[in-house]
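Participant: Before anything else, here's the structure in question.
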Amino acid sequence: MPLTETEWDLVTTWARNYLLDTTDPHTQLAQYGFPPEFIGGLRLTQISSDNARALVHQSRTDIQRQLRLVEALTTVDRLAVLPDIVKAQEFLGRLREDFRAHAARDNFRTCVLKNGAEAFIDRQDLRETLRRFVGDPHKFILLVDGEPGSGRSYTYNFLRHIGQHAGFRPVRVTLSHTATAAKVVRRLADFVADPQEGAAPLNPTELNDPLPSIDEAAHWVAGRATAVEERLWLVLDECDKLDPSSDVWDFIGQLGMAIYEHAAVRGDQAPRLVLLGYGRSMRQLPYDLRGNLAWDTARIAEPDDLRTFFDQAFHESPPEMLGTGQLRESAITALVDAAVHEVLRATGPNGADRESYMRKLCTAAEGAIRVYQSL
């Protein structure tokens, strides 16, 4: 089971008191087996508390790094003689189990996210598109099309799930009819700024010519996103809500080109761009980006998709009360039938309900999962 925020605070305290209480943190980390490229990416100073926060922050981006950090702490002599070593060894055991579970699981096929609490139904094409997209350094712009209410925005939830396992963090800006390039840049600036420095005072509206200002802002965002320690995916949601004359369209094209240029130099450290609700008939991206695009089309889940979802979810964690063998299979089949029936009934048409069908479907499915988990 992953560590909680409170438990990571305790790990940070251990790192500060027993691992980084030194005037030469680089050498200390090297002696405990941390790779040179990892150490070189840390901003280490003479302040042990800052160094501990930087070490834990960077280690939490990947399950293997988490495991390496806690393994190192359990070998520190000063901690090994204290009662806290029991807790540290418990954390290590949990992380090792978590690592084994991660290695055995196909995270692109996961149907229940966030520790078994959030449903992600169907989207089989998206899952395989993302699998290829993550592994292809030449593809760095993902465009998701589909009818309104088909779950295009819900793609972001799955990106967050995949990012935990693939070593990136998606950050989202939701667009609207009144969105402007300046507003989008300011929002992105909050995400790509150095946490120790705060957002840089970039204001593209201060420049006289709007096109050069948009170009400069796009390169600034791409440059800052490339320079931060984390690998970032920049997500612009609800592109179909933009006014056709909005300058955000120009910014999107310029941002794509800026990422194109940074990727040529910095490779996978450059950010990726995800455009949700971006139809094929909308403003075309620059011609130079044609070989760097990946497309997915969302569609509304049907009863068969819902049945497949519950069948997978129920088989992955069957309660002991269901028994074993054919008896358990029969019980799961009956529970799947009941869950599908109840979810479809709960998401029936309601003229006064403005919530999207896919959102209602997922909410009802999550309720069914909770009932199943309580058996």
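By order in the structure tokens, chains are A, B, ...; within a chain, residues start at 1; ligands start at 1, following the order shown.
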Determine, counting only C-alpha atoms, which protein, DNA and RNA residues have an atom within 8 Å of an atom of Glu147 (chain A); residues of the same chain fewer than 3 positions away are not included. Present the result as a PyMOL selection string.
Facilitator: chain A and resi 150+298-299
Participant: If you run DSSP on the backbone, which residues of region 161-372 of chain A are strand (DSSP E or B), as a list in words?
Facilitator: Arg169, Pro170, Val171, Arg172, Val173, Thr174, Leu232, Trp233, Leu234, Val235, Leu236, Asp237, Arg272, Leu273, Val274, Leu275, Leu276, Leu293, Ala294, Trp295, Asp296, Thr297 and Ala298 of chain A
Participant: I need the residues in region 123-337 of chain A that are alpha helix (DSSP H) according to DSSP; give them as a VMD selection string.
Facilitator: chain A and resid 124 to 135 155 to 166 181 to 192 210 to 227 248 to 266 303 to 316 325 to 337
Participant: Need to verify the contact set: Gly291 (chain A), 12 Å, only C-alpha atoms, exclusion of same-chain residues closer than 6 positions in sequence. Can you return it as a ChimeraX atom specification?
Facilitator: /A:136-142,260,285
Participant: May I have the selected residues written with C-alpha atoms, as a PDB file, in the first residue's frame?
Facilitator:
```pdb
ATOM      1  CA  ASP A 136       7.223   7.090 -28.635  1.00  0.00           C
ATOM      2  CA  PRO A 137       9.595  10.081 -28.245  1.00  0.00           C
ATOM      3  CA  HIS A 138       8.517  11.413 -31.627  1.00  0.00           C
ATOM      4  CA  LYS A 139       4.875  11.831 -30.571  1.00  0.00           C
ATOM      5  CA  PHE A 140       4.337  14.673 -28.133  1.00  0.00           C
ATOM      6  CA  ILE A 141       0.874  16.070 -28.949  1.00  0.00           C
ATOM      7  CA  LEU A 142      -2.232  14.041 -28.061  1.00  0.00           C
ATOM      8  CA  TYR A 260       8.751  20.785 -31.086  1.00  0.00           C
ATOM      9  CA  LEU A 285      -1.945  22.835 -35.993  1.00  0.00           C
TER      10      LEU A 285
END
```
Participant: Quick one: residues within 9 Å of region 107-116 of chain A, only C-alpha atoms, excluding same-chain residues fewer than 6 positions away - as an mmCIF file with all heavy atoms, in the first residue's frame?
Facilitator:
```cif
data_model
loop_
_atom_site.group_PDB
_atom_site.id
_atom_site.type_symbol
_atom_site.label_atom_id
_atom_site.label_comp_id
_atom_site.auth_asym_id
_atom_site.auth_seq_id
_atom_site.Cartn_x
_atom_site.Cartn_y
_atom_site.Cartn_z
ATOM 1 N N ASP A 122 -14.412 1.608 -20.158
ATOM 2 C CA ASP A 122 -14.114 1.428 -21.583
ATOM 3 C C ASP A 122 -12.871 2.229 -21.986
ATOM 4 O O ASP A 122 -11.849 2.133 -21.334
ATOM 5 C CB ASP A 122 -15.333 1.805 -22.427
ATOM 6 C CG ASP A 122 -15.157 1.390 -23.878
ATOM 7 O OD1 ASP A 122 -14.704 0.248 -24.113
ATOM 8 O OD2 ASP A 122 -15.455 2.181 -24.774
ATOM 9 N N GLN A 124 -10.983 1.680 -24.584
ATOM 10 C CA GLN A 124 -9.928 0.730 -24.948
ATOM 11 C C GLN A 124 -8.969 1.325 -25.970
ATOM 12 O O GLN A 124 -7.753 1.100 -25.900
ATOM 13 C CB GLN A 124 -10.549 -0.568 -25.488
ATOM 14 C CG GLN A 124 -11.494 -1.258 -24.508
ATOM 15 C CD GLN A 124 -10.841 -1.561 -23.171
ATOM 16 O OE1 GLN A 124 -9.677 -1.959 -23.119
ATOM 17 N NE2 GLN A 124 -11.574 -1.367 -22.087
ATOM 18 N N ARG A 127 -6.557 3.689 -24.218
ATOM 19 C CA ARG A 127 -5.554 2.972 -23.438
ATOM 20 C C ARG A 127 -4.378 2.541 -24.317
ATOM 21 O O ARG A 127 -3.212 2.697 -23.938
ATOM 22 C CB ARG A 127 -6.191 1.760 -22.769
ATOM 23 C CG ARG A 127 -7.282 2.116 -21.753
ATOM 24 C CD ARG A 127 -8.065 0.880 -21.333
ATOM 25 N NE ARG A 127 -9.217 1.173 -20.522
ATOM 26 C CZ ARG A 127 -9.234 1.285 -19.200
ATOM 27 N NH1 ARG A 127 -8.100 1.106 -18.533
ATOM 28 N NH2 ARG A 127 -10.334 1.545 -18.531
ATOM 29 N N GLU A 128 -4.687 2.007 -25.496
ATOM 30 C CA GLU A 128 -3.611 1.555 -26.387
ATOM 31 C C GLU A 128 -2.914 2.734 -27.056
ATOM 32 O O GLU A 128 -1.700 2.700 -27.283
ATOM 33 C CB GLU A 128 -4.174 0.590 -27.431
ATOM 34 C CG GLU A 128 -4.703 -0.702 -26.832
ATOM 35 C CD GLU A 128 -3.696 -1.374 -25.901
ATOM 36 O OE1 GLU A 128 -2.514 -1.489 -26.282
ATOM 37 O OE2 GLU A 128 -4.085 -1.771 -24.779
ATOM 38 N N LEU A 130 -2.465 5.635 -25.642
ATOM 39 C CA LEU A 130 -1.573 6.170 -24.617
ATOM 40 C C LEU A 130 -0.352 5.292 -24.419
ATOM 41 O O LEU A 130 0.757 5.792 -24.207
ATOM 42 C CB LEU A 130 -2.322 6.317 -23.296
ATOM 43 C CG LEU A 130 -3.020 7.645 -23.047
ATOM 44 C CD1 LEU A 130 -3.800 7.600 -21.743
ATOM 45 C CD2 LEU A 130 -2.024 8.790 -23.031
ATOM 46 N N ARG A 131 -0.545 3.978 -24.493
ATOM 47 C CA ARG A 131 0.594 3.070 -24.346
ATOM 48 C C ARG A 131 1.651 3.385 -25.414
ATOM 49 O O ARG A 131 2.845 3.474 -25.124
ATOM 50 C CB ARG A 131 0.124 1.624 -24.471
ATOM 51 C CG ARG A 131 1.200 0.596 -24.092
ATOM 52 C CD ARG A 131 0.811 -0.800 -24.551
ATOM 53 N NE ARG A 131 -0.454 -1.256 -24.001
ATOM 54 C CZ ARG A 131 -0.584 -1.827 -22.799
ATOM 55 N NH1 ARG A 131 0.473 -1.998 -22.040
ATOM 56 N NH2 ARG A 131 -1.778 -2.224 -22.380
ATOM 57 N N ASN A 157 -8.378 12.321 -15.899
ATOM 58 C CA ASN A 157 -8.265 11.447 -14.726
ATOM 59 C C ASN A 157 -7.377 10.245 -15.020
ATOM 60 O O ASN A 157 -6.587 9.807 -14.187
ATOM 61 C CB ASN A 157 -9.660 10.975 -14.293
ATOM 62 C CG ASN A 157 -10.543 12.122 -13.863
ATOM 63 O OD1 ASN A 157 -10.804 13.042 -14.631
ATOM 64 N ND2 ASN A 157 -11.018 12.096 -12.647
ATOM 65 N N PHE A 158 -7.510 9.709 -16.227
ATOM 66 C CA PHE A 158 -6.686 8.554 -16.586
ATOM 67 C C PHE A 158 -5.238 8.971 -16.803
ATOM 68 O O PHE A 158 -4.314 8.216 -16.481
ATOM 69 C CB PHE A 158 -7.241 7.878 -17.847
ATOM 70 C CG PHE A 158 -6.696 6.499 -18.078
ATOM 71 C CD1 PHE A 158 -7.016 5.460 -17.220
ATOM 72 C CD2 PHE A 158 -5.853 6.234 -19.144
ATOM 73 C CE1 PHE A 158 -6.499 4.179 -17.412
ATOM 74 C CE2 PHE A 158 -5.344 4.961 -19.348
ATOM 75 C CZ PHE A 158 -5.663 3.933 -18.477
ATOM 76 N N HIS A 161 -3.576 8.949 -13.541
ATOM 77 C CA HIS A 161 -3.281 7.577 -13.122
ATOM 78 C C HIS A 161 -2.025 7.061 -13.821
ATOM 79 O O HIS A 161 -1.104 6.528 -13.167
ATOM 80 C CB HIS A 161 -4.474 6.684 -13.451
ATOM 81 C CG HIS A 161 -4.174 5.222 -13.414
ATOM 82 N ND1 HIS A 161 -3.962 4.520 -12.242
ATOM 83 C CD2 HIS A 161 -4.012 4.318 -14.420
ATOM 84 C CE1 HIS A 161 -3.717 3.262 -12.523
ATOM 85 N NE2 HIS A 161 -3.730 3.106 -13.832
ATOM 86 N N ILE A 162 -1.949 7.212 -15.133
ATOM 87 C CA ILE A 162 -0.796 6.723 -15.889
ATOM 88 C C ILE A 162 0.464 7.484 -15.495
ATOM 89 O O ILE A 162 1.557 6.918 -15.395
ATOM 90 C CB ILE A 162 -1.049 6.841 -17.401
ATOM 91 C CG1 ILE A 162 -2.151 5.868 -17.833
ATOM 92 C CG2 ILE A 162 0.228 6.574 -18.191
ATOM 93 C CD1 ILE A 162 -1.825 4.414 -17.613
ATOM 94 N N HIS A 165 2.681 6.149 -12.783
ATOM 95 C CA HIS A 165 3.460 4.952 -13.088
ATOM 96 C C HIS A 165 4.500 5.191 -14.190
ATOM 97 O O HIS A 165 5.473 4.455 -14.275
ATOM 98 C CB HIS A 165 2.518 3.826 -13.515
ATOM 99 C CG HIS A 165 1.443 3.546 -12.513
ATOM 100 N ND1 HIS A 165 1.670 2.810 -11.369
ATOM 101 C CD2 HIS A 165 0.141 3.924 -12.465
ATOM 102 C CE1 HIS A 165 0.540 2.739 -10.668
ATOM 103 N NE2 HIS A 165 -0.390 3.403 -11.308
ATOM 104 N N PHE A 309 -16.528 -3.809 -17.972
ATOM 105 C CA PHE A 309 -15.934 -3.070 -16.849
ATOM 106 C C PHE A 309 -16.174 -3.801 -15.528
ATOM 107 O O PHE A 309 -15.241 -4.061 -14.757
ATOM 108 C CB PHE A 309 -16.513 -1.659 -16.791
ATOM 109 C CG PHE A 309 -16.238 -0.936 -15.502
ATOM 110 C CD1 PHE A 309 -15.023 -0.324 -15.276
ATOM 111 C CD2 PHE A 309 -17.205 -0.890 -14.500
ATOM 112 C CE1 PHE A 309 -14.755 0.332 -14.080
ATOM 113 C CE2 PHE A 309 -16.957 -0.236 -13.306
ATOM 114 C CZ PHE A 309 -15.732 0.367 -13.094
ATOM 115 N N PHE A 310 -17.426 -4.144 -15.251
ATOM 116 C CA PHE A 310 -17.742 -4.802 -13.982
ATOM 117 C C PHE A 310 -17.137 -6.205 -13.907
ATOM 118 O O PHE A 310 -16.696 -6.642 -12.837
ATOM 119 C CB PHE A 310 -19.250 -4.868 -13.769
ATOM 120 C CG PHE A 310 -19.852 -3.575 -13.288
ATOM 121 C CD1 PHE A 310 -20.813 -2.916 -14.026
ATOM 122 C CD2 PHE A 310 -19.435 -3.019 -12.089
ATOM 123 C CE1 PHE A 310 -21.363 -1.728 -13.581
ATOM 124 C CE2 PHE A 310 -19.981 -1.813 -11.629
ATOM 125 C CZ PHE A 310 -20.943 -1.169 -12.384
ATOM 126 N N GLN A 312 -14.319 -7.215 -15.172
ATOM 127 C CA GLN A 312 -12.910 -7.071 -14.816
ATOM 128 C C GLN A 312 -12.753 -6.636 -13.364
ATOM 129 O O GLN A 312 -11.956 -7.209 -12.606
ATOM 130 C CB GLN A 312 -12.225 -6.052 -15.730
ATOM 131 C CG GLN A 312 -10.753 -5.813 -15.373
ATOM 132 C CD GLN A 312 -10.086 -4.756 -16.246
ATOM 133 O OE1 GLN A 312 -10.577 -4.442 -17.341
ATOM 134 N NE2 GLN A 312 -8.991 -4.192 -15.764
ATOM 135 N N ALA A 313 -13.522 -5.619 -12.964
ATOM 136 C CA ALA A 313 -13.384 -5.084 -11.605
ATOM 137 C C ALA A 313 -13.731 -6.126 -10.557
ATOM 138 O O ALA A 313 -13.045 -6.257 -9.533
ATOM 139 C CB ALA A 313 -14.278 -3.855 -11.440
ATOM 140 N N GLU A 366 -19.332 3.745 -9.663
ATOM 141 C CA GLU A 366 -18.539 3.824 -8.434
ATOM 142 C C GLU A 366 -19.359 3.417 -7.221
ATOM 143 O O GLU A 366 -18.855 2.781 -6.288
ATOM 144 C CB GLU A 366 -17.977 5.244 -8.281
ATOM 145 C CG GLU A 366 -16.860 5.547 -9.273
ATOM 146 C CD GLU A 366 -16.635 7.030 -9.495
ATOM 147 O OE1 GLU A 366 -17.241 7.838 -8.752
ATOM 148 O OE2 GLU A 366 -15.875 7.388 -10.425
ATOM 149 N N ILE A 369 -19.421 -0.317 -7.242
ATOM 150 C CA ILE A 369 -18.131 -0.853 -6.791
ATOM 151 C C ILE A 369 -18.044 -0.822 -5.267
ATOM 152 O O ILE A 369 -17.571 -1.767 -4.629
ATOM 153 C CB ILE A 369 -16.971 -0.047 -7.420
ATOM 154 C CG1 ILE A 369 -16.871 -0.319 -8.921
ATOM 155 C CG2 ILE A 369 -15.649 -0.363 -6.727
ATOM 156 C CD1 ILE A 369 -16.407 -1.708 -9.269
ATOM 157 N N ARG A 370 -18.509 0.265 -4.659
ATOM 158 C CA ARG A 370 -18.465 0.366 -3.203
ATOM 159 C C ARG A 370 -19.329 -0.710 -2.550
ATOM 160 O O ARG A 370 -18.954 -1.282 -1.525
ATOM 161 C CB ARG A 370 -18.900 1.766 -2.757
ATOM 162 C CG ARG A 370 -17.872 2.851 -3.025
ATOM 163 C CD ARG A 370 -18.212 4.123 -2.286
ATOM 164 N NE ARG A 370 -19.441 4.735 -2.785
ATOM 165 C CZ ARG A 370 -19.481 5.601 -3.794
ATOM 166 N NH1 ARG A 370 -18.372 5.957 -4.412
ATOM 167 N NH2 ARG A 370 -20.632 6.123 -4.184
#
```
Participant: Measure the distance from CA of Val371 (chain A) to CA of Arg359 (chain A) in Å and round it to one decimal.
Facilitator: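 Distance between the two atoms: 18.8 Å.
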Participant: Find the nearest atom pair between each residue of region 156-267 of chain A and region 56-68 of chain A for residues within 10 Å, count only C-alpha atoms, give distances in Å to one decimal, sort rows by chain and ascending number, and present the table as JSON lines.
Facilitator:
```
{"residue": "A:Gly163", "atom": "CA", "partner": "A:Thr61", "partner_atom": "CA", "distance": 9.0}
{"residue": "A:Gln164", "atom": "CA", "partner": "A:Thr61", "partner_atom": "CA", "distance": 7.1}
{"residue": "A:His165", "atom": "CA", "partner": "A:Asp62", "partner_atom": "CA", "distance": 6.8}
{"residue": "A:Ala166", "atom": "CA", "partner": "A:Asp62", "partner_atom": "CA", "distance": 7.7}
{"residue": "A:Gly167", "atom": "CA", "partner": "A:Asp62", "partner_atom": "CA", "distance": 5.8}
{"residue": "A:Phe168", "atom": "CA", "partner": "A:Thr61", "partner_atom": "CA", "distance": 7.5}
{"residue": "A:Arg169", "atom": "CA", "partner": "A:Thr61", "partner_atom": "CA", "distance": 8.6}
{"residue": "A:Glu229", "atom": "CA", "partner": "A:Gln58", "partner_atom": "CA", "distance": 7.6}
{"residue": "A:Glu230", "atom": "CA", "partner": "A:Thr61", "partner_atom": "CA", "distance": 7.6}
{"residue": "A:Arg231", "atom": "CA", "partner": "A:Thr61", "partner_atom": "CA", "distance": 9.3}
```
Participant: For Val70 (chain A), work out the shell of residues within 12 Å, counting only C-alpha atoms and skipping chain neighbours fewer than 6 positions away, then give it as a ChimeraX atom specification.
Facilitator: /A:3,7-8,10-12,14-15,19,32-34,55-56,59-60,63-64,76,79,85,87-96
Participant: What's the separation between CA of Arg132 (chain A) and CA of Gln269 (chain A), in Å to one decimal place?
Facilitator: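 CA of Gln269 (chain A) lies at a distance of 17.4 Å from CA of Arg132 (chain A).
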Participant: Give me the residues near Thr22 (chain A) as a PyMOL selection string, where near means some atom within 12 Å (using only C-alpha atoms) and where sequence neighbours in that chain fewer than 6 positions away do not count.
Facilitator: chain A and resi 15-16+28-29+44-49+51-52
Participant: My list of candidates is A:Val221, A:Tyr154, A:Met257, A:Val336. Which is closest to Arg186 (chain A) when distances are computed with only C-alpha atoms?
Facilitator: A:Val221
Participant: Using only C-alpha atoms, which residue out of A:Ala217, A:Arg123, A:Val134, A:Val184 lies closest to Leu306 (chain A)?
Facilitator: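 The closest residue to Leu306 (chain A) is A:Arg123.
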Participant: Looking at only C-alpha atoms, which of A:Gln326, A:Leu188, A:Val235, A:Phe38 is the one that sits closest to Arg160 (chain A)?
Facilitator: A:Val235
Participant: May I ask which of the residues A:Arg266, A:Pro2, A:Pro303, A:Phe314 is the closest one to Ala101 (chain A), counting only C-alpha atoms?
Facilitator: A:Pro2
Participant: Residues near Pro319 (chain A), anyone? I mean within 12 Å using only C-alpha atoms, not counting same-chain ones fewer than 6 positions away, as a list in words.
Facilitator: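 After dropping sequence-adjacent residues, the list is Ala313, Arg328, Glu329, Ala331, Ile332, Leu335, Val371, Tyr372, Gln373, Ser374 and Leu375 of chain A.
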Participant: Write the residues of the selection above to a file with C-alpha atoms, as a PDB file, in the first residue's frame.
Facilitator:
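Saved file out00.pdb follows:
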```pdb
ATOM      1  CA  ALA A 313     -13.384  -5.084 -11.605  1.00  0.00           C
ATOM      2  CA  ARG A 328     -17.511 -17.957  -7.428  1.00  0.00           C
ATOM      3  CA  GLU A 329     -17.802 -17.528 -11.206  1.00  0.00           C
ATOM      4  CA  ALA A 331     -21.802 -15.462  -8.179  1.00  0.00           C
ATOM      5  CA  ILE A 332     -19.688 -12.878 -10.019  1.00  0.00           C
ATOM      6  CA  LEU A 335     -23.398  -9.594  -9.497  1.00  0.00           C
ATOM      7  CA  VAL A 371     -21.361  -2.008  -2.609  1.00  0.00           C
ATOM      8  CA  TYR A 372     -19.309  -4.888  -4.028  1.00  0.00           C
ATOM      9  CA  GLN A 373     -16.302  -4.002  -1.880  1.00  0.00           C
ATOM     10  CA  SER A 374     -18.505  -4.075   1.225  1.00  0.00           C
ATOM     11  CA  LEU A 375     -19.581  -7.699   0.675  1.00  0.00           C
TER      12      LEU A 375
END
```
Participant: CA of Leu234 (chain A) to CA of Arg172 (chain A): how many Å, to one decimal?
Facilitator: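 Computing the Euclidean distance for CA of Leu234 (chain A) and CA of Arg172 (chain A) yields 6.3 Å.
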